[in-house]
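Peer 1: So here's work.cif (mmCIF, C-alpha atoms).
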data_protein
#
loop_
_atom_site.label_atom_id
_atom_site.label_comp_id
_atom_site.auth_asym_id
_atom_site.auth_seq_id
_atom_site.Cartn_x
_atom_site.Cartn_y
_atom_site.Cartn_z
CA MET W 91 -70.13 111.03 108.30
CA THR W 92 -67.74 113.95 107.86
CA GLN W 93 -64.39 114.13 109.60
CA GLN W 94 -65.68 116.97 111.80
CA THR W 95 -68.81 115.00 112.77
CA THR W 96 -66.68 111.96 113.55
CA ALA W 97 -64.41 114.04 115.79
CA MET W 98 -67.42 115.55 117.61
CA ALA W 99 -68.95 112.10 118.15
CA SER W 100 -65.64 110.82 119.48
CA ARG W 101 -65.41 113.67 121.99
CA THR W 102 -69.01 113.10 123.06
CA ASP W 103 -68.48 109.37 123.51
CA ALA W 104 -65.28 109.95 125.47
CA ASP W 105 -66.99 112.26 127.96
CA TRP W 106 -70.63 111.28 127.75
CA LEU W 107 -70.76 111.37 131.54
CA GLY W 108 -69.52 114.96 131.67
CA LEU W 109 -66.92 114.07 134.29
CA ALA W 110 -63.86 115.39 132.46
CA GLY W 111 -62.36 118.00 134.77
CA ALA W 112 -64.68 117.13 137.67
CA ARG W 113 -63.07 117.53 141.08
CA VAL W 114 -63.57 114.33 143.03
CA LEU W 115 -62.79 113.24 146.58
CA VAL W 116 -62.96 109.52 147.34
CA ALA W 117 -62.82 108.54 151.00
CA GLY W 118 -61.47 105.01 151.20
CA ALA W 119 -58.70 103.64 148.99
CA GLY W 120 -59.32 99.92 149.31
CA GLY W 121 -61.71 97.63 147.47
CA ILE W 122 -64.67 99.53 146.04
CA GLY W 123 -63.21 102.96 146.86
CA GLY W 124 -59.99 102.21 145.02
CA ALA W 125 -61.84 100.85 142.00
CA CYS W 126 -64.08 103.92 141.86
CA ALA W 127 -61.12 106.29 142.19
CA ALA W 128 -59.47 104.67 139.17
CA ALA W 129 -62.75 104.84 137.24
CA TYR W 130 -63.19 108.55 137.98
CA ALA W 131 -59.64 109.21 136.84
CA ALA W 132 -60.21 107.20 133.66
CA ALA W 133 -63.29 109.35 132.98
CA GLY W 134 -61.09 112.45 133.05
CA ALA W 135 -61.78 113.65 136.58
CA SER W 136 -59.19 115.09 138.95
CA VAL W 137 -59.16 112.73 141.93
CA VAL W 138 -58.01 112.90 145.53
CA VAL W 139 -58.21 109.72 147.64
CA ALA W 140 -58.12 109.84 151.43
CA ASP W 141 -57.37 106.91 153.71
CA ARG W 142 -55.30 106.11 156.78
CA ASP W 143 -53.90 102.98 155.12
CA GLU W 144 -50.86 104.22 153.24
CA SER W 145 -50.38 100.92 151.42
CA ALA W 146 -53.90 101.24 150.02
CA LEU W 147 -53.10 104.80 148.93
CA GLU W 148 -49.97 103.52 147.18
CA ARG W 149 -52.05 100.96 145.29
CA ALA W 150 -54.44 103.70 144.18
CA VAL W 151 -51.56 105.68 142.71
CA GLN W 152 -50.20 102.56 141.03
CA ALA W 153 -53.59 102.12 139.36
CA ASP W 154 -53.41 105.69 138.02
CA PRO W 155 -50.43 107.95 138.78
CA ALA W 156 -52.64 111.03 138.28
CA ILE W 157 -54.52 110.23 141.48
CA GLN W 158 -53.52 112.37 144.46
CA THR W 159 -53.63 111.03 147.99
CA VAL W 160 -54.20 112.28 151.52
CA ALA W 161 -53.20 110.15 154.51
CA ALA W 162 -55.75 110.82 157.24
CA ASP W 163 -57.63 109.12 160.06
CA LEU W 164 -61.16 110.15 159.10
CA THR W 165 -62.52 109.17 162.52
CA ALA W 166 -60.62 112.01 164.21
CA HIS W 167 -62.67 115.09 165.10
CA GLY W 168 -62.20 117.74 162.45
CA ALA W 169 -60.73 115.29 159.93
CA GLY W 170 -63.65 115.60 157.52
CA GLU W 171 -63.30 119.36 157.25
CA ALA W 172 -59.52 119.14 157.00
CA VAL W 173 -59.57 116.56 154.18
CA VAL W 174 -62.20 118.47 152.21
CA ALA W 175 -60.24 121.72 152.67
CA GLN W 176 -57.07 120.02 151.43
CA THR W 177 -58.95 118.63 148.42
CA VAL W 178 -60.31 122.07 147.58
CA GLU W 179 -56.83 123.56 147.88
CA ARG W 180 -55.34 120.96 145.54
CA LEU W 181 -58.13 120.77 142.96
CA GLY W 182 -59.58 124.27 143.18
CA GLY W 183 -62.94 123.01 144.45
CA ILE W 184 -65.01 119.87 144.93
CA ASP W 185 -67.79 118.57 142.70
CA VAL W 186 -68.11 114.94 143.80
CA LEU W 187 -67.70 113.18 147.14
CA LEU W 188 -67.76 109.39 147.37
CA HIS W 189 -67.63 107.89 150.86
CA ALA W 190 -66.38 104.29 150.74
CA VAL W 191 -65.08 103.71 154.26
CA GLY W 192 -66.42 100.90 156.39
CA ILE W 193 -65.76 97.93 158.66
CA ASN W 194 -67.81 94.99 159.86
CA ASP W 195 -67.63 92.73 162.91
CA ARG W 196 -69.80 89.65 162.51
CA ARG W 197 -70.99 88.76 166.01
CA PRO W 198 -74.39 88.52 167.71
CA ILE W 199 -75.59 91.76 169.28
CA LEU W 200 -75.35 90.32 172.80
CA GLU W 201 -71.59 89.94 172.42
CA PHE W 202 -70.78 93.61 171.73
CA ALA W 203 -69.39 96.01 174.29
CA GLU W 204 -70.42 99.66 174.03
CA ASP W 205 -67.00 100.82 172.89
CA GLU W 206 -67.09 98.24 170.07
CA TRP W 207 -70.47 99.55 168.97
CA ASP W 208 -69.15 103.11 169.12
CA ARG W 209 -66.12 102.23 166.98
CA ILE W 210 -68.17 100.76 164.14
CA LEU W 211 -70.66 103.64 164.14
CA ARG W 212 -67.81 106.15 164.24
CA ILE W 213 -66.01 104.63 161.25
CA ASN W 214 -69.04 103.77 159.13
CA LEU W 215 -71.52 106.55 159.86
CA SER W 216 -69.93 109.52 161.63
CA THR W 217 -67.29 109.88 158.93
CA VAL W 218 -70.08 110.20 156.34
CA PHE W 219 -71.58 113.06 158.32
CA ALA W 220 -68.29 114.89 158.76
CA LEU W 221 -67.11 114.59 155.17
CA ALA W 222 -70.49 115.22 153.55
CA GLN W 223 -71.18 118.22 155.77
CA ALA W 224 -67.84 119.78 154.84
CA ALA W 225 -68.25 118.99 151.14
CA GLY W 226 -71.90 120.03 151.21
CA ARG W 227 -71.03 123.51 152.43
CA ARG W 228 -68.85 124.06 149.34
CA MET W 229 -71.34 122.45 146.99
CA VAL W 230 -74.29 124.45 148.27
CA GLU W 231 -72.28 127.64 147.89
CA GLN W 232 -71.32 126.81 144.29
CA ARG W 233 -74.86 125.48 143.64
CA TYR W 234 -73.68 122.16 142.26
CA GLY W 235 -72.46 118.87 143.65
CA ARG W 236 -72.81 115.12 143.92
CA VAL W 237 -72.61 113.33 147.28
CA LEU W 238 -72.43 109.53 147.24
CA ALA W 239 -72.04 107.07 150.10
CA LEU W 240 -71.65 103.31 150.11
CA SER W 241 -74.45 101.68 152.02
CA SER W 242 -75.22 97.94 151.94
CA VAL W 243 -78.05 95.49 151.54
CA SER W 244 -77.58 95.11 155.30
CA GLY W 245 -79.20 98.52 155.68
CA LEU W 246 -82.43 96.86 154.56
CA LEU W 247 -82.13 93.15 155.34
CA ALA W 248 -81.88 91.81 158.88
CA HIS W 249 -78.72 89.75 158.55
CA HIS W 250 -77.71 87.73 161.60
CA SER W 251 -74.56 88.98 163.37
CA HIS W 252 -74.59 92.34 161.58
CA GLY W 253 -76.11 94.55 164.31
CA PRO W 254 -73.77 97.58 164.45
CA TYR W 255 -72.92 97.32 160.75
CA ALA W 256 -76.57 97.15 159.73
CA ALA W 257 -77.44 100.07 162.00
CA SER W 258 -74.65 102.16 160.48
CA LYS W 259 -75.79 101.39 156.93
CA GLY W 260 -79.42 102.11 157.73
CA GLY W 261 -78.22 105.36 159.26
CA ILE W 262 -76.35 106.22 156.07
CA ASN W 263 -79.52 105.67 154.03
CA GLN W 264 -81.55 108.07 156.13
CA LEU W 265 -78.75 110.63 156.50
CA ILE W 266 -78.39 110.72 152.72
CA ARG W 267 -82.14 111.23 152.34
CA VAL W 268 -82.13 114.22 154.68
CA MET W 269 -79.11 115.73 152.91
CA ALA W 270 -80.91 115.25 149.61
CA ARG W 271 -83.98 117.04 150.94
CA GLU W 272 -82.01 119.97 152.35
CA TRP W 273 -79.59 120.48 149.44
CA ALA W 274 -81.81 119.82 146.41
CA PRO W 275 -82.73 123.52 145.98
CA PHE W 276 -79.01 124.26 145.50
CA GLY W 277 -78.35 121.77 142.71
CA VAL W 278 -76.69 119.24 145.03
CA THR W 279 -77.74 115.60 144.87
CA ALA W 280 -77.14 112.98 147.57
CA ASN W 281 -77.51 109.27 146.92
CA ALA W 282 -76.38 105.95 148.36
CA MET W 283 -75.26 102.78 146.63
CA ALA W 284 -76.03 99.56 148.46
CA PRO W 285 -73.86 96.67 147.24
CA GLY W 286 -74.75 93.10 147.94
CA TYR W 287 -72.07 90.49 148.49
CA VAL W 288 -68.92 91.86 146.86
CA GLU W 289 -65.41 90.41 147.06
CA THR W 290 -63.27 93.04 148.80
CA PRO W 291 -60.61 93.08 151.53
CA LEU W 292 -63.50 93.70 153.96
CA THR W 293 -65.14 90.38 153.05
CA ALA W 294 -62.05 88.25 152.26
CA GLY W 295 -61.72 86.69 155.70
CA HIS W 296 -65.40 85.85 155.91
CA LEU W 297 -65.46 84.31 152.43
CA ALA W 298 -62.46 82.14 153.30
CA LYS W 299 -64.44 80.25 155.96
CA PRO W 300 -65.46 76.74 154.89
CA GLY W 301 -68.72 76.75 152.94
CA LYS W 302 -69.32 80.48 153.37
CA ARG W 303 -68.81 81.45 149.72
CA ALA W 304 -71.27 78.80 148.51
CA GLU W 305 -73.78 79.82 151.17
CA LEU W 306 -73.73 83.47 150.12
CA GLU W 307 -73.82 82.68 146.40
CA SER W 308 -76.92 80.54 147.00
CA GLN W 309 -78.72 83.63 148.36
CA VAL W 310 -78.05 85.73 145.25
CA PRO W 311 -80.39 85.22 142.27
CA ALA W 312 -77.47 86.03 139.95
CA GLY W 313 -75.70 83.01 141.44
CA ARG W 314 -72.40 84.73 142.15
CA LEU W 315 -70.70 87.45 144.16
CA GLY W 316 -70.08 90.93 142.80
CA THR W 317 -66.76 92.62 142.11
CA PRO W 318 -65.62 96.15 142.99
CA ASP W 319 -65.54 97.04 139.29
CA GLU W 320 -69.29 96.38 139.09
CA ILE W 321 -69.90 99.25 141.51
CA THR W 322 -67.95 101.79 139.46
CA GLY W 323 -70.56 102.18 136.73
CA PRO W 324 -73.36 103.14 139.13
CA ALA W 325 -70.97 105.50 140.95
CA LEU W 326 -69.97 107.25 137.73
CA PHE W 327 -73.58 107.55 136.61
CA LEU W 328 -74.82 109.03 139.90
CA SER W 329 -71.89 111.46 139.77
CA SER W 330 -72.64 112.49 136.21
CA ARG W 331 -74.61 115.22 134.47
CA HIS W 332 -77.25 112.60 133.62
CA ALA W 333 -78.22 112.11 137.28
CA GLY W 334 -79.15 115.69 138.15
CA PHE W 335 -82.78 114.76 138.90
CA ILE W 336 -81.95 111.69 141.01
CA THR W 337 -81.53 112.44 144.70
CA GLY W 338 -82.29 110.76 148.01
CA HIS W 339 -82.12 107.35 146.32
CA VAL W 340 -80.60 104.09 147.58
CA LEU W 341 -79.45 102.09 144.56
CA TYR W 342 -79.13 98.37 145.28
CA VAL W 343 -76.27 96.80 143.31
CA ASP W 344 -76.76 93.29 144.56
CA GLY W 345 -77.39 90.71 141.84
CA GLY W 346 -80.98 90.50 143.10
CA ARG W 347 -80.13 89.75 146.75
CA THR W 348 -82.85 92.08 148.07
CA LEU W 349 -85.48 90.28 145.96
CA VAL W 350 -85.38 87.11 148.06
#
Written as structure tokens, how would this file's structure read?
Peer 2:
Amino acid sequence: MTQQTTAMASRTDADWLGLAGARVLVAGAGGIGGACAAAYAAAGASVVVADRDESALERAVQADPAIQTVAADLTAHGAGEAVVAQTVERLGGIDVLLHAVGINDRRPILEFAEDEWDRILRINLSTVFALAQAAGRRMVEQRYGRVLALSSVSGLLAHHSHGPYAASKGGINQLIRVMAREWAPFGVTANAMAPGYVETPLTAGHLAKPGKRAELESQVPAGRLGTPDEITGPALFLSSRHAGFITGHVLYVDGGRTLV
């Protein structure tokens, strides 16, 4: 192999995803969102991370100082448009949106008040609509884009004490499918990733309960829980040039949980 061929192969290997220079907005700095932000930056993308938790934003910058941050409450009306506009101003456009914001409240449906239901749906689902609509406008106009949202196996499986959370994740799946249908003619893909049981700040308290970790691991054919880093590969792929013909898909990253 000649020196020139070796150099070309090295460049190809380094950016085989085609994400070098991509303009990426990640909504959600903790857990999976933070891991994905670092992975996008490592792939050569320009990354903005938005969250209302300033300590989580600080951790994102510590992981990669090139990451830019926006402190914002994404549940506020108009916040989606404002954050996307700020991202476009900083990066010169937007090519990839990853929504990784979510909460859960594990109680039976009969125990929820309406305002508690509204809060979970607002955080988990309405913020997807607001951000993706704002990003989608820019992507449709430029005739290219990748929209990703974190769903969950709970959007498919009927887990006990997951009513509002499961409804929000099922809503994400269908919202993504409709976006995919409407935006496909403009070169914009929309997909969801549905993790199984992953160790994140969102699940830490639940996993700390006596016997809960072993119970969940017993339900996963892989015999273990996932890690945030194991979601980054699928996120990078679905954001890449190789995924241009994949849209409206829910990718289960669950160690086989949905098989049983």
Peer 1: I'd like to know which of W:Asp143, W:Val288, W:Asn194, W:Val138 is closest to Gln176 of chain W, using all atoms listed in the file.
Peer 2: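 Selected residue with least distance to Gln176 of chain W: W:Val138.
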Peer 1: For His249 of chain W, which residue out of W:Arg267, W:Arg347, W:Arg228, W:Arg180 is the nearest one, using all atoms listed in the file?
Peer 2: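 Checking each candidate against His249 of chain W, we get W:Arg347 as the closest.
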Peer 1: Between W:Val173, W:Leu326, W:Ala133, W:Val151, which is the closest to Leu115 of chain W once you count only C-alpha atoms?
Peer 2: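 Looking at the shortest contact to Leu115 of chain W, the residue is W:Val173.
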Peer 1: Between atom CA of Ala128 of chain W and atom CA of Tyr342 of chain W, measure the distance and give it in Å to one decimal.
Peer 2: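 If I compute the distance from atom CA of Ala128 of chain W to atom CA of Tyr342 of chain W, I get 21.5 Å.
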Peer 1: Hey, which of W:Ile193, W:Leu238, W:Val230, W:Leu349 ends up closest to Ala117 of chain W? Count all atoms listed in the file.
Peer 2: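 Of W:Ile193, W:Leu238, W:Val230, W:Leu349, the one nearest Ala117 of chain W, counting all atoms listed in the file, is W:Leu238.
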Peer 1: Could all heavy atoms be built for segment 164-175 of chain W and written out as a PDB file, in the coordinates of the input?
Peer 2:
ATOM      1  N   LEU W 164     -59.904 109.426 159.273  1.00  0.00           N
ATOM      2  CA  LEU W 164     -61.160 110.150 159.100  1.00  0.00           C
ATOM      3  C   LEU W 164     -62.059 110.083 160.320  1.00  0.00           C
ATOM      4  O   LEU W 164     -63.060 110.802 160.379  1.00  0.00           O
ATOM      5  CB  LEU W 164     -61.894 109.607 157.869  1.00  0.00           C
ATOM      6  CG  LEU W 164     -61.168 109.840 156.542  1.00  0.00           C
ATOM      7  CD1 LEU W 164     -61.854 109.076 155.418  1.00  0.00           C
ATOM      8  CD2 LEU W 164     -61.103 111.323 156.224  1.00  0.00           C
ATOM      9  N   THR W 165     -61.713 109.232 161.305  1.00  0.00           N
ATOM     10  CA  THR W 165     -62.520 109.170 162.520  1.00  0.00           C
ATOM     11  C   THR W 165     -62.163 110.272 163.512  1.00  0.00           C
ATOM     12  O   THR W 165     -62.887 110.498 164.477  1.00  0.00           O
ATOM     13  CB  THR W 165     -62.372 107.808 163.219  1.00  0.00           C
ATOM     14  OG1 THR W 165     -61.019 107.650 163.681  1.00  0.00           O
ATOM     15  CG2 THR W 165     -62.718 106.668 162.266  1.00  0.00           C
ATOM     16  N   ALA W 166     -61.038 110.946 163.296  1.00  0.00           N
ATOM     17  CA  ALA W 166     -60.620 112.010 164.210  1.00  0.00           C
ATOM     18  C   ALA W 166     -61.543 113.227 164.049  1.00  0.00           C
ATOM     19  O   ALA W 166     -61.973 113.560 162.946  1.00  0.00           O
ATOM     20  CB  ALA W 166     -59.190 112.409 163.934  1.00  0.00           C
ATOM     21  N   HIS W 167     -61.839 113.889 165.157  1.00  0.00           N
ATOM     22  CA  HIS W 167     -62.670 115.090 165.100  1.00  0.00           C
ATOM     23  C   HIS W 167     -61.981 116.150 164.245  1.00  0.00           C
ATOM     24  O   HIS W 167     -60.793 116.416 164.402  1.00  0.00           O
ATOM     25  CB  HIS W 167     -62.934 115.623 166.511  1.00  0.00           C
ATOM     26  CG  HIS W 167     -63.914 114.804 167.294  1.00  0.00           C
ATOM     27  ND1 HIS W 167     -65.279 114.859 167.073  1.00  0.00           N
ATOM     28  CD2 HIS W 167     -63.732 113.893 168.275  1.00  0.00           C
ATOM     29  CE1 HIS W 167     -65.898 114.027 167.895  1.00  0.00           C
ATOM     30  NE2 HIS W 167     -64.976 113.426 168.632  1.00  0.00           N
ATOM     31  N   GLY W 168     -62.733 116.712 163.328  1.00  0.00           N
ATOM     32  CA  GLY W 168     -62.200 117.740 162.450  1.00  0.00           C
ATOM     33  C   GLY W 168     -61.554 117.207 161.189  1.00  0.00           C
ATOM     34  O   GLY W 168     -61.196 117.985 160.294  1.00  0.00           O
ATOM     35  N   ALA W 169     -61.409 115.862 161.082  1.00  0.00           N
ATOM     36  CA  ALA W 169     -60.730 115.290 159.930  1.00  0.00           C
ATOM     37  C   ALA W 169     -61.516 115.496 158.640  1.00  0.00           C
ATOM     38  O   ALA W 169     -60.936 115.727 157.575  1.00  0.00           O
ATOM     39  CB  ALA W 169     -60.464 113.805 160.139  1.00  0.00           C
ATOM     40  N   GLY W 170     -62.836 115.415 158.707  1.00  0.00           N
ATOM     41  CA  GLY W 170     -63.650 115.600 157.520  1.00  0.00           C
ATOM     42  C   GLY W 170     -63.444 116.967 156.902  1.00  0.00           C
ATOM     43  O   GLY W 170     -63.191 117.098 155.693  1.00  0.00           O
ATOM     44  N   GLU W 171     -63.513 117.988 157.727  1.00  0.00           N
ATOM     45  CA  GLU W 171     -63.300 119.360 157.250  1.00  0.00           C
ATOM     46  C   GLU W 171     -61.894 119.539 156.724  1.00  0.00           C
ATOM     47  O   GLU W 171     -61.682 120.163 155.669  1.00  0.00           O
ATOM     48  CB  GLU W 171     -63.574 120.346 158.388  1.00  0.00           C
ATOM     49  CG  GLU W 171     -63.193 121.790 158.076  1.00  0.00           C
ATOM     50  CD  GLU W 171     -63.946 122.377 156.893  1.00  0.00           C
ATOM     51  OE1 GLU W 171     -65.133 122.030 156.710  1.00  0.00           O
ATOM     52  OE2 GLU W 171     -63.340 123.173 156.141  1.00  0.00           O
ATOM     53  N   ALA W 172     -60.911 118.966 157.420  1.00  0.00           N
ATOM     54  CA  ALA W 172     -59.520 119.140 157.000  1.00  0.00           C
ATOM     55  C   ALA W 172     -59.256 118.473 155.653  1.00  0.00           C
ATOM     56  O   ALA W 172     -58.569 119.038 154.792  1.00  0.00           O
ATOM     57  CB  ALA W 172     -58.586 118.552 158.068  1.00  0.00           C
ATOM     58  N   VAL W 173     -59.792 117.275 155.440  1.00  0.00           N
ATOM     59  CA  VAL W 173     -59.570 116.560 154.180  1.00  0.00           C
ATOM     60  C   VAL W 173     -60.272 117.268 153.028  1.00  0.00           C
ATOM     61  O   VAL W 173     -59.716 117.397 151.935  1.00  0.00           O
ATOM     62  CB  VAL W 173     -60.028 115.094 154.305  1.00  0.00           C
ATOM     63  CG1 VAL W 173     -60.076 114.421 152.930  1.00  0.00           C
ATOM     64  CG2 VAL W 173     -59.099 114.326 155.228  1.00  0.00           C
ATOM     65  N   VAL W 174     -61.486 117.739 153.266  1.00  0.00           N
ATOM     66  CA  VAL W 174     -62.200 118.470 152.210  1.00  0.00           C
ATOM     67  C   VAL W 174     -61.454 119.767 151.887  1.00  0.00           C
ATOM     68  O   VAL W 174     -61.286 120.125 150.710  1.00  0.00           O
ATOM     69  CB  VAL W 174     -63.649 118.752 152.617  1.00  0.00           C
ATOM     70  CG1 VAL W 174     -64.311 119.738 151.644  1.00  0.00           C
ATOM     71  CG2 VAL W 174     -64.444 117.447 152.655  1.00  0.00           C
ATOM     72  N   ALA W 175     -60.978 120.472 152.901  1.00  0.00           N
ATOM     73  CA  ALA W 175     -60.240 121.720 152.670  1.00  0.00           C
ATOM     74  C   ALA W 175     -58.970 121.450 151.863  1.00  0.00           C
ATOM     75  O   ALA W 175     -58.626 122.224 150.957  1.00  0.00           O
ATOM     76  CB  ALA W 175     -59.896 122.372 154.002  1.00  0.00           C
TER      77      ALA W 175
END
